[in-house]
>>> print(open('work_33.tsv').read())   # TSV, C-alpha atoms and all ligand atoms
chain	number	residue	atom	x	y	z
A	24	SER	CA	34.67	136.85	-5.41
A	25	THR	CA	37.28	139.59	-5.73
A	26	SER	CA	37.12	143.36	-5.80
A	27	GLU	CA	38.44	143.22	-9.37
A	28	PRO	CA	36.24	141.10	-11.64
A	29	LEU	CA	37.54	139.30	-14.74
A	30	LYS	CA	37.98	141.11	-18.03
A	31	VAL	CA	38.09	138.85	-21.07
A	32	MET	CA	38.30	139.36	-24.83
A	33	ILE	CA	37.45	136.56	-27.23
A	34	SER	CA	38.30	136.66	-30.91
A	35	GLY	CA	38.49	134.38	-33.89
A	36	ALA	CA	37.24	134.14	-37.45
A	37	PRO	CA	33.51	134.21	-38.30
A	38	ALA	CA	31.84	131.07	-36.88
A	39	SER	CA	34.93	130.02	-34.92
A	40	GLY	CA	32.53	129.51	-31.98
A	41	LYS	CA	32.84	132.79	-30.06
A	42	GLY	CA	29.13	133.12	-29.28
A	43	THR	CA	28.85	129.44	-28.36
A	44	GLN	CA	31.77	129.65	-25.90
A	45	CYS	CA	30.54	132.98	-24.49
A	46	GLU	CA	27.23	131.37	-23.53
A	47	LEU	CA	29.19	128.77	-21.51
A	48	MET	CA	31.54	131.35	-19.97
A	49	VAL	CA	28.65	133.55	-18.85
A	50	ASN	CA	27.05	130.55	-17.10
A	51	LYS	CA	30.24	129.69	-15.19
A	52	PHE	CA	31.79	133.08	-14.48
A	53	GLY	CA	28.80	135.46	-14.48
A	54	LEU	CA	30.53	137.98	-16.76
A	55	VAL	CA	28.58	140.56	-18.74
A	56	HIS	CA	28.64	139.39	-22.38
A	57	ILE	CA	29.12	142.27	-24.79
A	58	SER	CA	28.87	141.07	-28.38
A	59	THR	CA	29.04	143.83	-30.96
A	60	GLY	CA	27.38	141.54	-33.51
A	61	ASP	CA	24.43	140.93	-31.13
A	62	LEU	CA	24.20	144.62	-30.18
A	63	LEU	CA	24.17	145.64	-33.85
A	64	ARG	CA	21.59	142.99	-34.80
A	65	ALA	CA	19.37	144.29	-31.97
A	66	GLU	CA	19.68	147.85	-33.35
A	67	VAL	CA	18.78	146.60	-36.82
A	68	SER	CA	15.67	144.75	-35.66
A	69	ALA	CA	14.57	147.70	-33.52
A	70	GLY	CA	14.96	149.94	-36.59
A	71	THR	CA	17.06	152.58	-34.78
A	72	ASP	CA	19.30	155.15	-36.52
A	73	ILE	CA	22.34	153.04	-35.70
A	74	GLY	CA	20.57	149.98	-37.07
A	75	GLU	CA	19.66	151.75	-40.29
A	76	LYS	CA	23.29	152.77	-40.82
A	77	ALA	CA	24.74	149.39	-39.82
A	78	LYS	CA	22.38	147.22	-41.84
A	79	GLU	CA	23.91	147.65	-45.30
A	80	PHE	CA	27.44	146.95	-44.04
A	81	MET	CA	26.40	143.87	-42.10
A	82	ASN	CA	24.32	142.40	-44.89
A	83	ALA	CA	27.27	142.80	-47.23
A	84	GLY	CA	29.57	141.03	-44.74
A	85	ARG	CA	31.64	144.20	-44.28
A	86	LEU	CA	32.68	145.98	-41.08
A	87	VAL	CA	30.40	148.68	-39.71
A	88	PRO	CA	32.28	152.04	-39.44
A	89	ASP	CA	34.51	152.25	-36.34
A	90	GLU	CA	32.83	155.35	-34.82
A	91	ILE	CA	29.44	153.66	-34.67
A	92	VAL	CA	30.70	150.49	-33.02
A	93	ALA	CA	33.16	152.24	-30.68
A	94	ALA	CA	30.45	154.51	-29.25
A	95	MET	CA	28.15	151.52	-28.70
A	96	VAL	CA	30.82	149.50	-26.87
A	97	THR	CA	32.04	152.39	-24.71
A	98	ALA	CA	28.47	153.13	-23.60
A	99	ARG	CA	27.89	149.49	-22.67
A	100	LEU	CA	31.22	149.15	-20.82
A	101	SER	CA	30.45	152.14	-18.62
A	102	ARG	CA	27.29	150.63	-17.12
A	103	GLU	CA	27.23	149.57	-13.48
A	104	ASP	CA	26.72	145.80	-13.99
A	105	VAL	CA	30.02	145.64	-15.86
A	106	LYS	CA	31.92	147.05	-12.88
A	107	GLN	CA	30.31	144.49	-10.57
A	108	LYS	CA	30.49	141.36	-12.70
A	109	GLY	CA	33.35	141.95	-15.12
A	110	TRP	CA	33.14	141.80	-18.90
A	111	LEU	CA	33.47	139.46	-21.83
A	112	LEU	CA	34.02	141.36	-25.05
A	113	ASP	CA	33.09	139.34	-28.16
A	114	GLY	CA	33.77	140.62	-31.69
A	115	TYR	CA	35.48	143.82	-30.57
A	116	PRO	CA	38.06	145.21	-31.26
A	117	ARG	CA	38.03	144.12	-34.88
A	118	SER	CA	40.30	146.73	-36.44
A	119	LEU	CA	43.47	148.52	-35.40
A	120	ALA	CA	41.51	151.75	-34.87
A	121	GLN	CA	39.13	149.95	-32.48
A	122	ALA	CA	42.01	148.44	-30.50
A	123	GLU	CA	43.67	151.85	-30.28
A	124	SER	CA	40.51	153.52	-29.06
A	125	LEU	CA	40.32	151.02	-26.16
A	126	GLU	CA	44.00	151.52	-25.35
A	127	LYS	CA	43.41	155.27	-25.21
A	128	LEU	CA	40.66	154.70	-22.64
A	129	LYS	CA	42.99	152.33	-20.73
A	130	ILE	CA	40.52	149.50	-21.21
A	131	ARG	CA	42.56	146.27	-21.30
A	132	PRO	CA	41.58	142.64	-20.73
A	133	ASP	CA	43.27	140.20	-18.34
A	134	VAL	CA	43.39	137.65	-21.12
A	135	TYR	CA	42.87	137.62	-24.90
A	136	VAL	CA	41.47	134.30	-26.14
A	137	VAL	CA	41.80	133.39	-29.82
A	138	LEU	CA	39.74	130.51	-31.24
A	139	ASP	CA	41.68	128.90	-34.03
A	140	VAL	CA	39.60	127.00	-36.64
A	141	PRO	CA	40.54	126.02	-40.23
A	142	ASP	CA	38.71	127.81	-43.08
A	143	GLU	CA	36.86	124.78	-44.47
A	144	ILE	CA	35.18	124.15	-41.11
A	145	LEU	CA	34.20	127.81	-40.77
A	146	ILE	CA	32.20	127.87	-43.99
A	147	ASP	CA	30.22	124.78	-42.97
A	148	ARG	CA	29.56	126.19	-39.50
A	149	CYS	CA	28.22	129.48	-40.90
A	150	VAL	CA	26.02	128.01	-43.57
A	151	GLY	CA	24.50	125.53	-41.09
A	152	ARG	CA	24.00	128.04	-38.28
A	153	ARG	CA	20.45	128.85	-37.07
A	154	LEU	CA	19.38	131.24	-34.31
A	155	ASP	CA	16.46	131.04	-31.93
A	156	PRO	CA	14.97	134.56	-31.88
A	157	VAL	CA	13.16	133.80	-28.60
A	158	THR	CA	16.07	132.57	-26.42
A	159	GLY	CA	19.01	133.87	-28.47
A	160	LYS	CA	20.46	130.36	-28.48
A	161	ILE	CA	22.81	129.32	-31.31
A	162	TYR	CA	22.11	126.06	-33.19
A	163	HIS	CA	23.59	124.23	-36.17
A	164	ILE	CA	21.49	122.06	-38.49
A	165	LYS	CA	23.93	119.14	-38.21
A	166	ASN	CA	26.14	119.79	-35.14
A	167	PHE	CA	23.53	121.13	-32.72
A	168	PRO	CA	20.00	120.56	-33.99
A	169	PRO	CA	17.12	122.12	-32.00
A	170	GLU	CA	15.64	120.11	-29.10
A	171	THR	CA	11.99	120.31	-30.19
A	172	GLU	CA	9.85	120.77	-33.32
A	173	GLU	CA	8.50	123.99	-31.81
A	174	ILE	CA	11.98	125.52	-31.62
A	175	LYS	CA	12.86	124.17	-35.05
A	176	ALA	CA	9.89	125.95	-36.61
A	177	ARG	CA	10.94	129.38	-35.34
A	178	LEU	CA	14.69	129.25	-36.11
A	179	ILE	CA	16.10	131.97	-38.34
A	180	THR	CA	19.15	132.23	-40.62
A	181	ARG	CA	21.38	135.30	-40.52
A	182	PRO	CA	21.36	137.23	-43.82
A	183	ASP	CA	25.20	137.29	-43.79
A	184	ASP	CA	25.54	133.50	-43.48
A	185	THR	CA	25.61	132.63	-47.18
A	186	GLU	CA	28.77	130.96	-48.49
A	187	GLU	CA	29.70	134.02	-50.56
A	188	LYS	CA	29.34	136.46	-47.65
A	189	VAL	CA	31.15	134.17	-45.24
A	190	LYS	CA	34.12	134.19	-47.62
A	191	SER	CA	34.14	137.97	-47.69
A	192	ARG	CA	33.85	138.16	-43.86
A	193	LEU	CA	36.75	135.74	-43.54
A	194	GLU	CA	38.85	137.84	-45.93
A	195	ILE	CA	38.18	140.99	-43.87
A	196	TYR	CA	39.04	139.12	-40.68
A	197	LYS	CA	42.38	138.04	-42.14
A	198	GLN	CA	43.18	141.58	-43.27
A	199	ASN	CA	42.75	142.95	-39.74
A	200	VAL	CA	43.89	140.15	-37.46
A	201	GLU	CA	47.66	140.79	-37.35
A	202	ALA	CA	47.30	144.45	-36.42
A	203	ILE	CA	44.98	143.65	-33.52
A	204	LEU	CA	47.00	140.71	-32.20
A	205	SER	CA	50.08	142.90	-31.80
A	206	THR	CA	48.20	144.99	-29.22
A	207	TYR	CA	47.47	141.93	-27.06
A	208	SER	CA	50.35	139.55	-27.83
A	209	ASN	CA	51.57	139.44	-24.19
A	210	ILE	CA	48.20	138.20	-22.84
A	211	MET	CA	47.09	136.13	-25.84
A	212	LYS	CA	46.06	132.46	-25.57
A	213	THR	CA	45.31	130.53	-28.75
A	214	ILE	CA	42.88	127.64	-28.38
A	215	ASP	CA	42.10	124.95	-30.95
A	216	GLY	CA	38.42	125.68	-31.66
A	217	SER	CA	37.92	122.85	-34.15
A	218	ARG	CA	37.20	120.32	-31.38
A	219	PRO	CA	33.77	119.61	-29.83
A	220	LYS	CA	32.40	122.62	-27.94
A	221	GLU	CA	32.63	120.93	-24.51
A	222	VAL	CA	36.32	120.14	-25.08
A	223	VAL	CA	37.03	123.70	-26.19
A	224	PHE	CA	35.21	125.00	-23.13
A	225	GLU	CA	37.17	122.78	-20.72
A	226	GLU	CA	40.34	124.48	-21.88
A	227	ILE	CA	38.82	127.97	-21.65
A	228	TYR	CA	37.43	127.15	-18.21
A	229	SER	CA	40.82	126.16	-16.78
A	230	LEU	CA	42.47	129.14	-18.43
A	231	LEU	CA	40.00	131.63	-16.91
A	232	SER	CA	40.16	129.90	-13.53
A	233	GLU	CA	43.95	130.36	-13.52
A	234	VAL	CA	43.68	133.99	-14.54
A	235	GLN	CA	41.13	134.59	-11.79
A	236	LYS	CA	43.35	132.91	-9.17
A	237	ASP	CA	46.31	135.04	-10.20
A	238	LYS	CA	44.21	138.19	-9.82
A	239	VAL	CA	43.16	137.23	-6.29
A	240	LYS	CA	46.82	136.61	-5.37
A	241	LEU	CA	47.83	139.98	-6.76
A	242	ILE	CA	45.11	141.73	-4.76
A	243	LYS	CA	46.01	139.90	-1.52
A	244	SER	CA	49.71	140.66	-1.88
A	245	GLY	CA	48.78	144.32	-2.45
B	301	LIG	P1	29.47	138.93	-35.48
B	301	LIG	O1	28.11	138.62	-35.04
B	301	LIG	O2	30.51	139.24	-34.49
B	301	LIG	O3	29.93	137.76	-36.46
B	301	LIG	P2	31.29	136.94	-36.63
B	301	LIG	O4	32.52	137.46	-35.99
B	301	LIG	O5	31.36	136.73	-38.06
B	301	LIG	O6	31.10	135.71	-35.75
B	301	LIG	P3	29.87	134.81	-35.77
B	301	LIG	O7	28.79	135.37	-34.93
B	301	LIG	O8	29.55	134.53	-37.21
B	301	LIG	O9	30.45	133.46	-35.20
B	301	LIG	P4	30.86	132.96	-33.76
B	301	LIG	O10	32.35	132.90	-33.70
B	301	LIG	O11	30.15	133.67	-32.67
B	301	LIG	O12	30.34	131.45	-33.88
B	301	LIG	P5	29.06	130.72	-33.26
B	301	LIG	O13	29.32	130.44	-31.81
B	301	LIG	O14	27.80	131.41	-33.63
B	301	LIG	O15	29.44	140.14	-36.51
B	301	LIG	C1	28.50	140.22	-37.55
B	301	LIG	C2	28.68	141.50	-38.34
B	301	LIG	O16	28.46	142.65	-37.46
B	301	LIG	C3	30.07	141.76	-38.93
B	301	LIG	O17	30.23	141.13	-40.18
B	301	LIG	C4	30.08	143.29	-39.04
B	301	LIG	O18	29.33	143.72	-40.14
B	301	LIG	C5	29.37	143.71	-37.77
B	301	LIG	N1	30.29	143.89	-36.65
B	301	LIG	C6	30.36	143.16	-35.50
B	301	LIG	N2	31.34	143.59	-34.70
B	301	LIG	C7	31.94	144.63	-35.36
B	301	LIG	C8	33.03	145.49	-35.05
B	301	LIG	N3	33.73	145.37	-33.91
B	301	LIG	N4	33.37	146.44	-35.96
B	301	LIG	C9	32.68	146.58	-37.10
B	301	LIG	N5	31.65	145.79	-37.46
B	301	LIG	C10	31.27	144.83	-36.59
B	301	LIG	O19	29.17	129.32	-34.03
B	301	LIG	C11	28.96	129.24	-35.41
B	301	LIG	C12	28.24	127.92	-35.77
B	301	LIG	O20	29.08	126.81	-35.47
B	301	LIG	C13	26.96	127.69	-34.97
B	301	LIG	O21	26.01	127.05	-35.79
B	301	LIG	C14	27.40	126.77	-33.82
B	301	LIG	O22	26.33	125.95	-33.39
B	301	LIG	C15	28.50	125.95	-34.49
B	301	LIG	N6	29.58	125.61	-33.56
B	301	LIG	C16	30.12	126.40	-32.58
B	301	LIG	N7	31.11	125.76	-31.92
B	301	LIG	C17	31.21	124.53	-32.49
B	301	LIG	C18	32.06	123.40	-32.26
B	301	LIG	N8	33.02	123.40	-31.31
B	301	LIG	N9	31.88	122.30	-33.04
B	301	LIG	C19	30.93	122.27	-34.01
B	301	LIG	N10	30.10	123.30	-34.28
B	301	LIG	C20	30.25	124.42	-33.53
>>> encode(input="work_33.tsv", output="structure tokens")
Amino acid sequence: STSEPLKVMISGAPASGKGTQCELMVNKFGLVHISTGDLLRAEVSAGTDIGEKAKEFMNAGRLVPDEIVAAMVTARLSREDVKQKGWLLDGYPRSLAQAESLEKLKIRPDVYVVLDVPDEILIDRCVGRRLDPVTGKIYHIKNFPPETEEIKARLITRPDDTEEKVKSRLEIYKQNVEAILSTYSNIMKTIDGSRPKEVVFEEIYSLLSEVQKDKVKLIKSG
């Protein structure tokens, strides 16, 4: 372990596999996973003020206002576990304003991973996605069916996973992507996310291992 833990951002269109890959990265690298989608869904189900405000935007497949999300992320990033273990930011920044607010705070990742997946695959992945509310695990009715009947019976569908809403989420992603990429172009790695999840992860694993090695070298050489 090093005195400077890894800092990773992962981005990609809706259902490109960010959450799926984050689960695998957390297992291997012990990073703190900060998913703005997960944080917002938790606020919605707890019925907090933030959740009440965010709900209508999320259900419509639109972005939640920047101030709400920025405050949530900054609070989470300042907690002690993040300093110890490093962070994995998933679904943030998602607009130029969000990227700029991180830059202002001098919060930058070591690497910016982009999962690249063609549109037709994305729609199918979203519509077939199911979540286990007990374990938080992500399933897909065809690609990754649940292991048992008991799990199958409790799976839920996200309200924003209808074909129509996926199309609108994809549109919003495309409107914002260029502006965000320009902030991170020098540390960006694009990975073909259309392959099986284990294959995608192998590539992410060797990428992060390299980045980690380089950090250790930098620290040792002062
Ligand atoms: P968020 O939860 O971030 O949704 P998203 O970006 O649309 O991404 P998803 O969670 O849909 O997909 P994913 O890439 O994680 O894919 P997954 O691994 O699940 O955001 C939701 C909403 O919250 C937003 O619309 C917005 O309203 C709000 N929000 C969040 N962040 C915000 C921000 N920063 N600012 C403002 N608003 C914000 O995989 C998808 C499916 O495919 C699964 O079924 C999975 O099993 C399957 N799958 C995964 N990998 C593979 C593979 N390799 N092969 C085959 N199937 C696969």
>>> residues_around(input="work_33.tsv", residues="A:Tyr162", least_positions_apart="4", cutoff="9 Å", atoms="all atoms listed in the file", output="list in words")
Thr43, Gly151, Arg152, Arg153, Leu154, Asp155, Asn166, Phe167, Pro168, Pro169 and Leu178 of chain A
>>> residues_near_ligand(input="work_33.tsv", ligand="ligand LIG 301 (chain B)", cutoff="7 Å", atoms="only C-alpha atoms and all ligand atoms", output="ChimeraX atom specification")
/A:35-44,58-61,63,80-81,84-89,92,113-118,148-149,151-153,161-163,166-167,192,216-220,223
>>> closest_residue(input="work_33.tsv", among="A:Thr213, A:Ser208, A:Asn199, A:Asn50", to="A:Pro132", atoms="only C-alpha atoms")
A:Ser208
>>> atom_distance(input="work_33.tsv", atom1="atom CA of A:Leu29", atom2="atom CA of A:Asp133")
6.8 Å
>>> axis_aligned_box(input="work_33.tsv", around="stretch 83-90 of chain A", padding_each_side="6 Å", output="JSON")
{"center_x": 30.9, "center_y": 148.2, "center_z": -41.0, "size_x": 19.2, "size_y": 26.3, "size_z": 24.4}
>>> closest_residue(input="work_33.tsv", among="A:His56, A:Arg131, A:Arg99, A:Lys30", to="A:Thr206", atoms="all atoms listed in the file")
A:Arg131
>>> atom_distance(input="work_33.tsv", atom1="atom CA of A:Ile73", atom2="atom CA of A:Val200")
25.2 Å
>>> atom_distance(input="work_33.tsv", atom1="atom CA of A:Ile164", atom2="atom CA of A:Asp147")
10.2 Å
>>> closest_residue(input="work_33.tsv", among="A:Gly53, A:Leu204, A:Lys190, A:Glu172", to="A:Asp104", atoms="only C-alpha atoms")
A:Gly53
>>> residues_around(input="work_33.tsv", residues="A:Leu54", least_positions_apart="4", cutoff="12 Å", atoms="all atoms listed in the file", output="count of residues only")
23
>>> closest_residue(input="work_33.tsv", among="A:Glu186, A:Glu123, A:Glu75, A:Glu173", to="A:Ile144", atoms="all atoms listed in the file")
A:Glu186
>>> residues_near_point(input="work_33.tsv", point="(45.5, 135.6, -18.0)", cutoff="10 Å", atoms="all atoms listed in the file", output="VMD selection string")
chain A and resid 29 to 31 132 to 136 209 to 212 230 to 238
>>> closest_residue(input="work_33.tsv", among="A:Ala120, A:Val55, A:Val150, A:Ala83", to="A:Lys188", atoms="all atoms listed in the file")
A:Ala83
>>> closest_residue(input="work_33.tsv", among="A:Ile33, A:Ile130, A:Leu62, A:Val189", to="A:Gly74", atoms="only C-alpha atoms")
A:Leu62
>>> build_atoms(input="work_33.tsv", residues="stretch 192-211 of chain A", atoms="N, CA and C atoms", output="CSV table (one decimal), in the coordinates of the input")
chain,number,residue,atom,x,y,z
A,192,ARG,N,33.6,137.9,-45.3
A,192,ARG,CA,33.8,138.2,-43.9
A,192,ARG,C,35.2,137.6,-43.4
A,193,LEU,N,35.5,136.4,-43.9
A,193,LEU,CA,36.8,135.7,-43.5
A,193,LEU,C,37.9,136.5,-44.1
A,194,GLU,N,37.8,137.0,-45.3
A,194,GLU,CA,38.8,137.8,-45.9
A,194,GLU,C,39.1,139.1,-45.1
A,195,ILE,N,38.0,139.8,-44.7
A,195,ILE,CA,38.2,141.0,-43.9
A,195,ILE,C,38.8,140.7,-42.5
A,196,TYR,N,38.4,139.5,-41.9
A,196,TYR,CA,39.0,139.1,-40.7
A,196,TYR,C,40.6,139.0,-40.8
A,197,LYS,N,41.0,138.3,-41.9
A,197,LYS,CA,42.4,138.0,-42.1
A,197,LYS,C,43.2,139.3,-42.4
A,198,GLN,N,42.5,140.3,-43.0
A,198,GLN,CA,43.2,141.6,-43.3
A,198,GLN,C,43.5,142.3,-42.0
A,199,ASN,N,42.6,142.2,-41.0
A,199,ASN,CA,42.8,143.0,-39.7
A,199,ASN,C,43.5,142.3,-38.6
A,200,VAL,N,43.5,140.9,-38.6
A,200,VAL,CA,43.9,140.2,-37.5
A,200,VAL,C,45.3,140.5,-36.9
A,201,GLU,N,46.3,140.6,-37.8
A,201,GLU,CA,47.7,140.8,-37.4
A,201,GLU,C,47.8,142.1,-36.5
A,202,ALA,N,47.2,143.1,-37.1
A,202,ALA,CA,47.3,144.4,-36.4
A,202,ALA,C,46.7,144.4,-35.0
A,203,ILE,N,45.6,143.7,-34.8
A,203,ILE,CA,45.0,143.6,-33.5
A,203,ILE,C,45.8,142.8,-32.6
A,204,LEU,N,46.3,141.6,-33.1
A,204,LEU,CA,47.0,140.7,-32.2
A,204,LEU,C,48.2,141.4,-31.6
A,205,SER,N,48.9,142.3,-32.3
A,205,SER,CA,50.1,142.9,-31.8
A,205,SER,C,49.8,143.7,-30.5
A,206,THR,N,48.6,144.2,-30.4
A,206,THR,CA,48.2,145.0,-29.2
A,206,THR,C,48.1,144.1,-28.0
A,207,TYR,N,47.7,142.8,-28.2
A,207,TYR,CA,47.5,141.9,-27.1
A,207,TYR,C,48.4,140.7,-27.0
A,208,SER,N,49.5,140.8,-27.7
A,208,SER,CA,50.4,139.6,-27.8
A,208,SER,C,50.8,139.0,-26.5
A,209,ASN,N,51.0,139.9,-25.5
A,209,ASN,CA,51.6,139.4,-24.2
A,209,ASN,C,50.5,138.7,-23.3
A,210,ILE,N,49.2,138.9,-23.6
A,210,ILE,CA,48.2,138.2,-22.8
A,210,ILE,C,47.4,137.3,-23.7
A,211,MET,N,47.9,136.9,-24.9
A,211,MET,CA,47.1,136.1,-25.8
A,211,MET,C,47.2,134.6,-25.6
